[in-house]
Structures are given as C-alpha cells and as structure tokens.
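For reference, upload.cif (mmCIF, C-alpha atoms and all ligand atoms; chains and numbers go by the auth columns):
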data_protein
loop_
_atom_site.group_PDB
_atom_site.id
_atom_site.type_symbol
_atom_site.label_atom_id
_atom_site.label_comp_id
_atom_site.label_asym_id
_atom_site.label_seq_id
_atom_site.Cartn_x
_atom_site.Cartn_y
_atom_site.Cartn_z
_atom_site.B_iso_or_equiv
_atom_site.auth_seq_id
_atom_site.auth_asym_id
ATOM 1 C CA MET A 1 0.000 0.000 0.000 0.00 1 W
ATOM 2 C CA PRO A 2 1.250 3.464 -0.792 0.00 2 W
ATOM 3 C CA ILE A 3 2.523 5.805 1.854 0.00 3 W
ATOM 4 C CA TYR A 4 1.168 9.305 1.636 0.00 4 W
ATOM 5 C CA VAL A 5 2.899 12.305 3.099 0.00 5 W
ATOM 6 C CA TYR A 6 0.820 15.140 4.409 0.00 6 W
ATOM 7 C CA ARG A 7 1.851 18.526 5.602 0.00 7 W
ATOM 8 C CA PRO A 8 -0.119 21.210 7.374 0.00 8 W
ATOM 9 C CA ALA A 9 -1.931 23.514 4.994 0.00 9 W
ATOM 10 C CA GLU A 10 -2.105 26.257 7.570 0.00 10 W
ATOM 11 C CA ARG A 11 -0.031 27.353 10.485 0.00 11 W
ATOM 12 C CA SER A 12 -2.480 25.987 12.981 0.00 12 W
ATOM 13 C CA SER A 13 -0.809 22.674 13.444 0.00 13 W
ATOM 14 C CA CYS A 14 -0.114 20.372 16.327 0.00 14 W
ATOM 15 C CA GLU A 15 3.069 18.477 17.179 0.00 15 W
ATOM 16 C CA TYR A 16 1.861 15.586 15.098 0.00 16 W
ATOM 17 C CA CYS A 17 1.412 17.447 11.842 0.00 17 W
ATOM 18 C CA GLU A 18 3.609 20.524 12.087 0.00 18 W
ATOM 19 C CA HIS A 19 6.489 18.866 10.261 0.00 19 W
ATOM 20 C CA GLY A 20 4.272 16.717 8.138 0.00 20 W
ATOM 21 C CA PHE A 21 3.428 13.111 8.727 0.00 21 W
ATOM 22 C CA GLU A 22 3.192 9.911 6.777 0.00 22 W
ATOM 23 C CA THR A 23 0.223 7.683 6.616 0.00 23 W
ATOM 24 C CA ILE A 24 -0.477 4.446 4.839 0.00 24 W
ATOM 25 C CA GLN A 25 -3.681 4.404 2.866 0.00 25 W
ATOM 26 C CA LYS A 26 -5.291 2.230 0.321 0.00 26 W
ATOM 27 C CA PHE A 27 -5.563 3.604 -3.174 0.00 27 W
ATOM 28 C CA SER A 28 -9.303 3.599 -2.694 0.00 28 W
ATOM 29 C CA ASP A 29 -9.188 5.639 0.497 0.00 29 W
ATOM 30 C CA PRO A 30 -10.019 9.312 0.114 0.00 30 W
ATOM 31 C CA PRO A 31 -7.092 11.612 0.878 0.00 31 W
ATOM 32 C CA LEU A 32 -6.983 13.183 4.283 0.00 32 W
ATOM 33 C CA THR A 33 -7.989 16.802 4.436 0.00 33 W
ATOM 34 C CA VAL A 34 -7.483 17.388 8.127 0.00 34 W
ATOM 35 C CA CYS A 35 -4.944 16.270 10.680 0.00 35 W
ATOM 36 C CA PRO A 36 -6.209 13.226 12.573 0.00 36 W
ATOM 37 C CA GLU A 37 -4.848 14.737 15.793 0.00 37 W
ATOM 38 C CA CYS A 38 -5.869 18.380 15.714 0.00 38 W
ATOM 39 C CA SER A 39 -8.276 18.554 12.761 0.00 39 W
ATOM 40 C CA SER A 40 -6.455 21.471 11.200 0.00 40 W
ATOM 41 C CA PRO A 41 -6.296 21.430 7.404 0.00 41 W
ATOM 42 C CA VAL A 42 -3.580 19.351 5.806 0.00 42 W
ATOM 43 C CA GLU A 43 -2.613 18.850 2.213 0.00 43 W
ATOM 44 C CA LYS A 44 -1.008 15.973 0.473 0.00 44 W
ATOM 45 C CA ALA A 45 2.667 16.610 -0.115 0.00 45 W
ATOM 46 C CA VAL A 46 4.380 15.416 -3.218 0.00 46 W
ATOM 47 C CA THR A 47 5.753 11.970 -2.593 0.00 47 W
ATOM 48 C CA VAL A 48 8.628 10.450 -4.420 0.00 48 W
ATOM 49 C CA PRO A 49 8.174 6.741 -4.881 0.00 49 W
ATOM 50 C CA ASN A 50 11.158 4.434 -4.988 0.00 50 W
ATOM 51 C CA ILE A 51 13.085 5.443 -8.032 0.00 51 W
ATOM 52 C CA ALA A 52 14.390 2.450 -9.876 0.00 52 W
ATOM 53 C CA THR A 53 17.941 2.717 -11.073 0.00 53 W
ATOM 54 C CA ALA A 54 17.899 4.376 -14.444 0.00 54 W
ATOM 55 C CA GLY A 55 18.188 1.937 -17.278 0.00 55 W
ATOM 56 C CA PRO A 56 19.410 -1.635 -17.254 0.00 56 W
ATOM 57 C CA SER A 57 22.765 -2.128 -15.677 0.00 57 W
ATOM 58 C CA LEU A 58 25.458 -3.777 -17.673 0.00 58 W
ATOM 59 C CA ASN A 59 26.425 -6.465 -15.253 0.00 59 W
ATOM 60 C CA SER A 60 27.657 -9.788 -16.517 0.00 60 W
ATOM 61 C CA LYS A 61 24.266 -11.418 -16.451 0.00 61 W
ATOM 62 C CA ASN A 62 22.683 -8.686 -18.501 0.00 62 W
ATOM 63 C CA THR A 63 25.350 -8.592 -21.126 0.00 63 W
ATOM 64 C CA GLU A 64 25.072 -12.332 -21.571 0.00 64 W
ATOM 65 C CA LYS A 65 21.296 -12.191 -21.717 0.00 65 W
ATOM 66 C CA HIS A 66 21.428 -9.571 -24.410 0.00 66 W
ATOM 67 C CA GLY A 67 23.810 -11.641 -26.460 0.00 67 W
ATOM 68 C CA PHE A 68 26.920 -9.667 -25.776 0.00 68 W
ATOM 69 C CA THR A 69 30.215 -11.084 -24.787 0.00 69 W
ATOM 70 C CA LYS A 70 31.976 -9.136 -22.127 0.00 70 W
ATOM 71 C CA TYR A 71 35.711 -8.876 -21.815 0.00 71 W
ATOM 72 C CA GLU A 72 37.941 -7.465 -19.221 0.00 72 W
ATOM 73 C CA LYS A 73 41.343 -6.191 -19.961 0.00 73 W
ATOM 74 C CA VAL A 74 43.920 -8.337 -18.229 0.00 74 W
ATOM 75 C CA GLU A 75 46.979 -6.743 -19.722 0.00 75 W
ATOM 76 C CA THR A 76 47.865 -4.549 -22.651 0.00 76 W
ATOM 77 C CA GLY A 77 46.270 -5.996 -25.750 0.00 77 W
ATOM 78 C CA VAL A 78 44.858 -9.011 -23.926 0.00 78 W
ATOM 79 C CA TYR A 79 41.220 -9.321 -22.982 0.00 79 W
ATOM 80 C CA GLU A 80 39.732 -12.184 -21.064 0.00 80 W
ATOM 81 C CA LYS A 81 36.102 -13.146 -21.438 0.00 81 W
ATOM 82 C CA THR A 82 34.004 -12.707 -18.310 0.00 82 W
ATOM 83 C CA SER A 83 30.634 -13.607 -19.792 0.00 83 W
ATOM 84 C CA GLY A 84 28.987 -14.474 -23.078 0.00 84 W
ATOM 85 C CA THR A 85 29.761 -16.935 -25.813 0.00 85 W
ATOM 86 C CA GLY A 86 32.731 -15.460 -27.617 0.00 86 W
ATOM 87 C CA PRO A 87 36.311 -16.699 -27.564 0.00 87 W
ATOM 88 C CA ASP A 88 37.847 -16.939 -24.104 0.00 88 W
ATOM 89 C CA ILE A 89 40.766 -14.697 -24.823 0.00 89 W
ATOM 90 C CA ILE A 90 41.219 -11.890 -27.255 0.00 90 W
ATOM 91 C CA SER A 91 44.773 -10.927 -27.839 0.00 91 W
ATOM 92 C CA ASP A 92 46.323 -8.694 -30.409 0.00 92 W
ATOM 93 C CA ARG A 93 49.734 -10.037 -29.638 0.00 93 W
ATOM 94 C CA LYS A 94 51.584 -12.019 -32.247 0.00 94 W
ATOM 95 C CA LYS A 95 52.214 -15.534 -31.135 0.00 95 W
HETATM 96 ZN ZN ZN B . -2.231 18.316 13.777 0.00 101 A
#

Spit out the file's structure as structure tokens when you get a sec.
Amino acid sequence: MPIYVYRPAERSSCEYCEHGFETIQKFSDPPLTVCPECSSPVEKAVTVPNIATAGPSLNSKNTEKHGFTKYEKVETGVYEKTSGTGPDIISDRKK
C-alpha cells in the first residue's frame, strides 16, 4: 500500500502534523484533508516513490542475456572473457 505524506496547509498545526506526517492508505481511500490529531487542514505533499535505477545495468548477467560477450582487460592488448559466448581470450599479440 502506498505511503502518503501530508503537511499542514495552515499554520495551525499540532506536534503531530507541524512537520508533516506519513500515513499508509489504500488507493481507494479518500485523501486526508485534516490532521487526525488536531483537525487542522492538511494537504497531500508530493511523494517520491522508490526510483528504480535508471536503465538496465550492464552487469555480466545482462550482457550475456542480451547476447553480448563481455571482456575485461587483463593486460595490454589481452582481454579475457568474463561472460557471453565469444572466444575466451582476445589478444592482439603475435604468437
Ligand atoms: Zn495536527
């Protein structure tokens, strides 16, 4: 259930609502208009829901899932596969 944040709409506020308060309500519940403690007017503050991390992260699992092969540089010109289906080692060194 969502958590709603309310703040006093006027200065007449009690200890409970003077700095705002949170309350859990069902989506179907009507929003509060007054403080449950002092009955002074309150308004719903803007709430920020959990923000998911922007975009998919490129961890090993994801790169593999998306068909990429991921390499990590082990030394100059040599890359070792950490995930995916490509060759295990890429090296630009002459053998
Ligand atoms: Zn109050």

Checklist entry - ligand ZN 101 (chain A): which residues are within 7 Å, counting all atoms listed in the file, as JSON, numbers by chain? => result {"W": [13, 14, 15, 16, 17, 18, 35, 36, 37, 38, 39, 40]}

Now that the selection is made, can you save its residues with C-alpha atoms as a tab-separated table (two decimals), in the frame of the given file?
chain	number	residue	atom	x	y	z
W	13	SER	CA	-0.81	22.67	13.44
W	14	CYS	CA	-0.11	20.37	16.33
W	15	GLU	CA	3.07	18.48	17.18
W	16	TYR	CA	1.86	15.59	15.10
W	17	CYS	CA	1.41	17.45	11.84
W	18	GLU	CA	3.61	20.52	12.09
W	35	CYS	CA	-4.94	16.27	10.68
W	36	PRO	CA	-6.21	13.23	12.57
W	37	GLU	CA	-4.85	14.74	15.79
W	38	CYS	CA	-5.87	18.38	15.71
W	39	SER	CA	-8.28	18.55	12.76
W	40	SER	CA	-6.46	21.47	11.20

Item to check | Residues matched by the PyMOL selection byres (((chain W and resi 88) around 12) and not hetatm), written as JSON, numbers by chain | outcome: {"W": [69, 70, 71, 72, 78, 79, 80, 81, 82, 83, 84, 85, 86, 87, 89, 90, 91]}

Let me see the file: selected residues, C-alpha atoms, as a PDB file, in the coordinates of the input.
ATOM      1  CA  THR W  69      30.215 -11.084 -24.787  1.00  0.00           C
ATOM      2  CA  LYS W  70      31.976  -9.136 -22.127  1.00  0.00           C
ATOM      3  CA  TYR W  71      35.711  -8.876 -21.815  1.00  0.00           C
ATOM      4  CA  GLU W  72      37.941  -7.465 -19.221  1.00  0.00           C
ATOM      5  CA  VAL W  78      44.858  -9.011 -23.926  1.00  0.00           C
ATOM      6  CA  TYR W  79      41.220  -9.321 -22.982  1.00  0.00           C
ATOM      7  CA  GLU W  80      39.732 -12.184 -21.064  1.00  0.00           C
ATOM      8  CA  LYS W  81      36.102 -13.146 -21.438  1.00  0.00           C
ATOM      9  CA  THR W  82      34.004 -12.707 -18.310  1.00  0.00           C
ATOM     10  CA  SER W  83      30.634 -13.607 -19.792  1.00  0.00           C
ATOM     11  CA  GLY W  84      28.987 -14.474 -23.078  1.00  0.00           C
ATOM     12  CA  THR W  85      29.761 -16.935 -25.813  1.00  0.00           C
ATOM     13  CA  GLY W  86      32.731 -15.460 -27.617  1.00  0.00           C
ATOM     14  CA  PRO W  87      36.311 -16.699 -27.564  1.00  0.00           C
ATOM     15  CA  ILE W  89      40.766 -14.697 -24.823  1.00  0.00           C
ATOM     16  CA  ILE W  90      41.219 -11.890 -27.255  1.00  0.00           C
ATOM     17  CA  SER W  91      44.773 -10.927 -27.839  1.00  0.00           C
TER      18      SER W  91
END

Checklist outcome for this item: re CA of Val34 in chain W and CA of Phe21 in chain W: distance 11.7 Å

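With distances taken over all atoms listed in the file, W:Lys44 is the one residue among W:Leu32, W:Lys44, W:His19, W:Asp92 lying closest to Tyr6 in chain W.
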
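The spacing separating CA of Asp29 in chain W from CA of Glu43 in chain W amounts to 14.9 Å.
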
If the PyMOL selection byres (((chain W and resi 26) around 9) and not hetatm) is run on the structure shown, which residues does it catch, given as a compact mmCIF listing (two decimals) with C-alpha atoms, keeping the file's coordinate frame?
# COMPACT_ATOMS: atom_id res chain seq x y z
CA MET W 1 0.00 0.00 0.00
CA PRO W 2 1.25 3.46 -0.79
CA ILE W 3 2.52 5.80 1.85
CA ILE W 24 -0.48 4.45 4.84
CA GLN W 25 -3.68 4.40 2.87
CA PHE W 27 -5.56 3.60 -3.17
CA SER W 28 -9.30 3.60 -2.69
CA ASP W 29 -9.19 5.64 0.50
CA PRO W 30 -10.02 9.31 0.11

Checklist entry - Taking only C-alpha atoms into account, which of W:His66, W:Pro31, W:Pro41, W:Val74 comes nearest Val5 in chain W? => result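 Answer, going by the shortest atom-to-atom distance: W:Pro31.
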
Checklist entry - Between W:Ser12, W:Gly20, W:Arg7, W:Thr76, which one has atoms that come closest to Val42 in chain W, using only C-alpha atoms? => result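 Under the stated criterion, the closest residue is W:Arg7.
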